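K.L.:
Got a structure here, written out as structure tokens. Questions coming.
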Amino acid sequence: MMLRILKQYYPIRNIFFVIGEGLVIYSSVMLACLIVFGPESFVSRWLWLKILLITVICQSCLYFNELYDLSVIDSFLELSLRLLQSLGFAAIILAGIYFIIPAAIIGRGVFIVSIAFVILLIVSWRFLYKLVLDRGFFNQKIILIGSGDLALNIYNEITTIKDCGYTISVIVTENNNEDNTFKEKINTDIIYINNYEGLCDMARDMGIKKIVVALQEKRGGSFPTEELLRCRVDGIEVIEGNSFHEMLTGKLIVEYINPGWLIFSEGFEKSRVRRFIKYALDLILSIILLVIFLPVIIITAVLIKIDSRGQVFFSQERVGKDKKLYKIYKFRSMATDAEKQSGPTWADENDNRITRIGKFIRKWRIDEIPQLWNVLKGDMSFVGPRPERDFFVKKLEGIIPYYRERFTVKPGISGWAQVSYGYGASVKDAVEKLNYDLFYIKNLSTLMDLMIILRTVKTVLFGKGAR
């Protein structure tokens with residue numbers, strides 16, 4: 001079974017995994033209380049809330065240390081190291097809370113004892129979950145129709161992402177397709193057929209409740225209209241390939257989608273209420289953060305002046321909402337006149353134009369803080385597509401389809417593309433980032449903005465994706 005969150009589908013078992021891990025942590029602390037203080041400790045009515053606080057802090061640290069990204073945790077050693085790091089961070093945070101609110105302390109020795117149980121039970125819990133993923137337990141079986149690039153992309157996503165919740169049981173190629181290239185790239189365990197006859201009966205016999213149609217050509221006599229109609233009426237879900245890929249990956253693919261699909265698909269809602277909430281949050285947060293970061297701003301300005309000659313702040317024209325030009329503000333992280341010889345260019349991974357202080361402030365996103373002024377002025381939002389220079393916009397519009405659609409919303413300090421893909425420094429990267437930007441514009445919501453901000457905090461904490 002699948003659960004729809006922010007226009008993406010997640011297996012319910014993944015939700016149970018996170019909740020189950022929370023119960024594991026909660027139970028570990030309770031067991032520690034029982035060992036240290038005995039059964040009488042459970043008489044306290046506040047104990048349950050104190051344990052809940054520890055559980056929330058621990059799981060937050062697990063999330064921010066990417067322990068819920070199963071593509072990162074691919075070995076027992078990596079899991080153990082990150083688990084110890086997370087519990088260390090949790091101990092520091094809890095110590096700070098206990099210093100401010102002494103009443104929140106459970107008692108001496110409880111956290112130390114509970115750590116042993118937490119490590120043992122979490123490792124066991126994750127080993128069990130990995131077994132479930134490896135065996136494909138509770139996966140939803142699907143039939144994939146198509147043998148083009150979109151079908152191959154969907155196949156690769158499902159086979160690569162272990163916790164996606166799907167298993168491809170049958171692949172049906174376009175009728176009379178003699179090309180064996182696609183067949184050579186797929187798992188031999190999958191049933192592979194090249195005609196549509198009996199498709200509905202096969203789905204029913206195999207207990208399949210979803211068919212994904214990723215055909216390159218959906219018109220004319222080659223399209224299996226009668227079989228798919230029969231499947232749909234019989235209660236089997238039939239979903240178009242681009243829509244399925246969107247829900248599976250959290251991005252669109254501009255090379256595959258057509259204007260008709262964009263016109264008739266759900267999304268792109270920009271109600272007055274939502275726009276007002278976004279504007280109000282931008283205004284309030286920018287004022288608060290400018291006050292909070294004032295000491296950081298002063299220290300950074302002094303360090304930039306000491307490190308290299310030139311202005312402290314760097315301003316540059318960027319393209320905003322409705323393609324209006326505005327000046328973006330950052331701390332200067334490159335040498336003065338860095339593009340005098342090269343002209344407009346994207347930053348490289350080891351760009352020699354970046355100053356010593358520049359490397360540090362870029363890594364930790366400190367150079368972005370002055371953009372809070374852009375948010376306060378209304379040129380930008382906290383969340384939106386990354387603002388690009390007019391020089392690159394003109395270049396990319398002529399190459400990438402639907403590129404101009406990203407200018408229907410305000411650019412942002414952070415965005416779905418930044419937290420999902422990272423820094424881009426090529427046309428290929430620009431295409432991939434547009435795939436994520438279009439998904440955001442199509443499905444934008446206040447809840448999605450909050451999730452992006454949380455993921456941005458995680459990205460900043462680990463200093464990833466900056467150049």
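Residue numbering restarts at 1 for every chain of the structure tokens, chains are lettered A, B, ... in their displayed order, and ligands are numbered from 1 as they appear.
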Once DSSP has gone over the backbone, tell me which residues of segment 169-371 of chain A are in strand (DSSP E), as number ranges by chain.
P.N.:
A: 169-172, 191-193, 210-213, 237-240, 313-319, 325-331
K.L.:
Store the residues of this selection in a file with N, CA and C atoms, as a PDB file, in the first residue's frame.
P.N.:
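Dumped to result.pdb:
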ATOM      1  N   SER A 169       6.743  -6.784 -12.412  1.00  0.00           N
ATOM      2  CA  SER A 169       6.545  -8.216 -12.664  1.00  0.00           C
ATOM      3  C   SER A 169       6.523  -8.539 -14.148  1.00  0.00           C
ATOM      4  N   VAL A 170       5.967  -7.605 -14.941  1.00  0.00           N
ATOM      5  CA  VAL A 170       5.823  -7.836 -16.384  1.00  0.00           C
ATOM      6  C   VAL A 170       6.197  -6.566 -17.134  1.00  0.00           C
ATOM      7  N   ILE A 171       6.940  -6.709 -18.223  1.00  0.00           N
ATOM      8  CA  ILE A 171       7.215  -5.599 -19.130  1.00  0.00           C
ATOM      9  C   ILE A 171       6.642  -5.955 -20.492  1.00  0.00           C
ATOM     10  N   VAL A 172       5.808  -5.057 -21.016  1.00  0.00           N
ATOM     11  CA  VAL A 172       5.205  -5.248 -22.340  1.00  0.00           C
ATOM     12  C   VAL A 172       5.777  -4.181 -23.267  1.00  0.00           C
ATOM     13  N   ILE A 191       8.961 -11.054 -16.459  1.00  0.00           N
ATOM     14  CA  ILE A 191       8.277 -11.593 -17.643  1.00  0.00           C
ATOM     15  C   ILE A 191       8.291 -10.533 -18.735  1.00  0.00           C
ATOM     16  N   TYR A 192       8.695 -10.914 -19.920  1.00  0.00           N
ATOM     17  CA  TYR A 192       8.904  -9.971 -21.028  1.00  0.00           C
ATOM     18  C   TYR A 192       8.070 -10.422 -22.218  1.00  0.00           C
ATOM     19  N   ILE A 193       7.063  -9.634 -22.606  1.00  0.00           N
ATOM     20  CA  ILE A 193       6.205  -9.995 -23.746  1.00  0.00           C
ATOM     21  C   ILE A 193       6.107  -8.809 -24.713  1.00  0.00           C
ATOM     22  N   LYS A 210      -1.809  -2.357 -10.670  1.00  0.00           N
ATOM     23  CA  LYS A 210      -1.358  -1.110 -11.284  1.00  0.00           C
ATOM     24  C   LYS A 210      -0.636  -1.403 -12.589  1.00  0.00           C
ATOM     25  N   ILE A 211      -1.005  -0.658 -13.644  1.00  0.00           N
ATOM     26  CA  ILE A 211      -0.340  -0.752 -14.942  1.00  0.00           C
ATOM     27  C   ILE A 211       0.202   0.625 -15.296  1.00  0.00           C
ATOM     28  N   VAL A 212       1.492   0.700 -15.611  1.00  0.00           N
ATOM     29  CA  VAL A 212       2.141   1.966 -15.974  1.00  0.00           C
ATOM     30  C   VAL A 212       2.363   1.980 -17.481  1.00  0.00           C
ATOM     31  N   VAL A 213       1.785   2.988 -18.151  1.00  0.00           N
ATOM     32  CA  VAL A 213       1.864   3.084 -19.613  1.00  0.00           C
ATOM     33  C   VAL A 213       2.930   4.116 -19.978  1.00  0.00           C
ATOM     34  N   GLU A 237      -5.673  -0.034 -11.642  1.00  0.00           N
ATOM     35  CA  GLU A 237      -5.261   1.351 -11.882  1.00  0.00           C
ATOM     36  C   GLU A 237      -4.345   1.417 -13.101  1.00  0.00           C
ATOM     37  N   VAL A 238      -4.659   2.330 -14.023  1.00  0.00           N
ATOM     38  CA  VAL A 238      -3.834   2.557 -15.209  1.00  0.00           C
ATOM     39  C   VAL A 238      -3.299   3.977 -15.111  1.00  0.00           C
ATOM     40  N   ILE A 239      -1.976   4.119 -15.067  1.00  0.00           N
ATOM     41  CA  ILE A 239      -1.380   5.434 -14.877  1.00  0.00           C
ATOM     42  C   ILE A 239      -0.379   5.735 -15.977  1.00  0.00           C
ATOM     43  N   GLU A 240      -0.404   6.978 -16.448  1.00  0.00           N
ATOM     44  CA  GLU A 240       0.501   7.403 -17.520  1.00  0.00           C
ATOM     45  C   GLU A 240       1.938   7.447 -16.996  1.00  0.00           C
ATOM     46  N   PHE A 313      30.455  43.145   0.118  1.00  0.00           N
ATOM     47  CA  PHE A 313      29.266  42.563  -0.514  1.00  0.00           C
ATOM     48  C   PHE A 313      29.432  42.513  -2.028  1.00  0.00           C
ATOM     49  N   PHE A 314      28.807  41.524  -2.608  1.00  0.00           N
ATOM     50  CA  PHE A 314      28.845  41.313  -4.051  1.00  0.00           C
ATOM     51  C   PHE A 314      27.417  41.399  -4.572  1.00  0.00           C
ATOM     52  N   SER A 315      27.196  42.205  -5.595  1.00  0.00           N
ATOM     53  CA  SER A 315      25.852  42.302  -6.175  1.00  0.00           C
ATOM     54  C   SER A 315      25.928  41.980  -7.660  1.00  0.00           C
ATOM     55  N   GLN A 316      24.833  41.394  -8.155  1.00  0.00           N
ATOM     56  CA  GLN A 316      24.807  40.963  -9.553  1.00  0.00           C
ATOM     57  C   GLN A 316      23.364  40.880 -10.014  1.00  0.00           C
ATOM     58  N   GLU A 317      23.122  41.201 -11.275  1.00  0.00           N
ATOM     59  CA  GLU A 317      21.758  41.122 -11.809  1.00  0.00           C
ATOM     60  C   GLU A 317      21.339  39.667 -11.991  1.00  0.00           C
ATOM     61  N   ARG A 318      20.129  39.363 -11.552  1.00  0.00           N
ATOM     62  CA  ARG A 318      19.545  38.040 -11.750  1.00  0.00           C
ATOM     63  C   ARG A 318      18.142  38.207 -12.323  1.00  0.00           C
ATOM     64  N   VAL A 319      17.622  37.133 -12.872  1.00  0.00           N
ATOM     65  CA  VAL A 319      16.281  37.153 -13.463  1.00  0.00           C
ATOM     66  C   VAL A 319      15.290  36.624 -12.430  1.00  0.00           C
ATOM     67  N   LEU A 325      14.389  41.792 -13.979  1.00  0.00           N
ATOM     68  CA  LEU A 325      15.762  41.806 -13.470  1.00  0.00           C
ATOM     69  C   LEU A 325      15.816  42.478 -12.100  1.00  0.00           C
ATOM     70  N   TYR A 326      16.634  41.945 -11.225  1.00  0.00           N
ATOM     71  CA  TYR A 326      16.848  42.561  -9.910  1.00  0.00           C
ATOM     72  C   TYR A 326      18.290  42.273  -9.482  1.00  0.00           C
ATOM     73  N   LYS A 327      18.759  42.978  -8.467  1.00  0.00           N
ATOM     74  CA  LYS A 327      20.125  42.791  -7.980  1.00  0.00           C
ATOM     75  C   LYS A 327      20.126  41.867  -6.776  1.00  0.00           C
ATOM     76  N   ILE A 328      20.896  40.785  -6.898  1.00  0.00           N
ATOM     77  CA  ILE A 328      21.027  39.849  -5.787  1.00  0.00           C
ATOM     78  C   ILE A 328      22.253  40.247  -4.967  1.00  0.00           C
ATOM     79  N   TYR A 329      22.189  40.051  -3.646  1.00  0.00           N
ATOM     80  CA  TYR A 329      23.292  40.427  -2.765  1.00  0.00           C
ATOM     81  C   TYR A 329      23.864  39.192  -2.067  1.00  0.00           C
ATOM     82  N   LYS A 330      25.186  39.115  -2.046  1.00  0.00           N
ATOM     83  CA  LYS A 330      25.897  38.036  -1.370  1.00  0.00           C
ATOM     84  C   LYS A 330      27.157  38.606  -0.721  1.00  0.00           C
ATOM     85  N   PHE A 331      27.746  37.840   0.191  1.00  0.00           N
ATOM     86  CA  PHE A 331      29.097  38.171   0.629  1.00  0.00           C
ATOM     87  C   PHE A 331      30.056  37.805  -0.499  1.00  0.00           C
TER      88      PHE A 331
END
K.L.:
Check segment 145-293 of chain A with DSSP on the backbone and list each residue it calls helix (DSSP H, G or I), as a VMD selection string.
P.N.:
chain A and resid 149 to 160 162 to 164 181 to 184 199 to 206 225 to 233 241 to 249 259 to 264 272 to 292
K.L.:
Determine, counting only C-alpha atoms, which protein, DNA and RNA residues have an atom within 12 Å of an atom of Ser445 of chain A; residues of the same chain fewer than 4 positions away are not included. Present the result as a list of chain:residue names.
P.N.:
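With the cut-off at 12 Å, the set is A:Ile5, A:Leu6, A:Lys7, A:Gly267, A:Phe268, A:Glu269, A:Lys270, A:Ser271, A:Val273, A:Arg274, A:Arg275, A:Phe276, A:Ile277, A:Lys278, A:Val383, A:Gly384, A:Trp416, A:Phe439, A:Tyr440, A:Ile441, A:Asp449, A:Leu450, A:Met451, A:Ile452.
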K.L.:
Mind giving me the straight-line distance from atom CA of Ile100 of chain A to atom CA of Val29 of chain A in Å, one decimal?
P.N.:
21.4 Å
K.L.:
Name all residues at most 12 Å from segment 104-108 of chain A (count only C-alpha atoms; drop same-chain ones fewer than 2 positions away) and give them as a ChimeraX atom specification.
P.N.:
/A:29-30,32-34,36-37,41-42,44-54,94-102,110-114
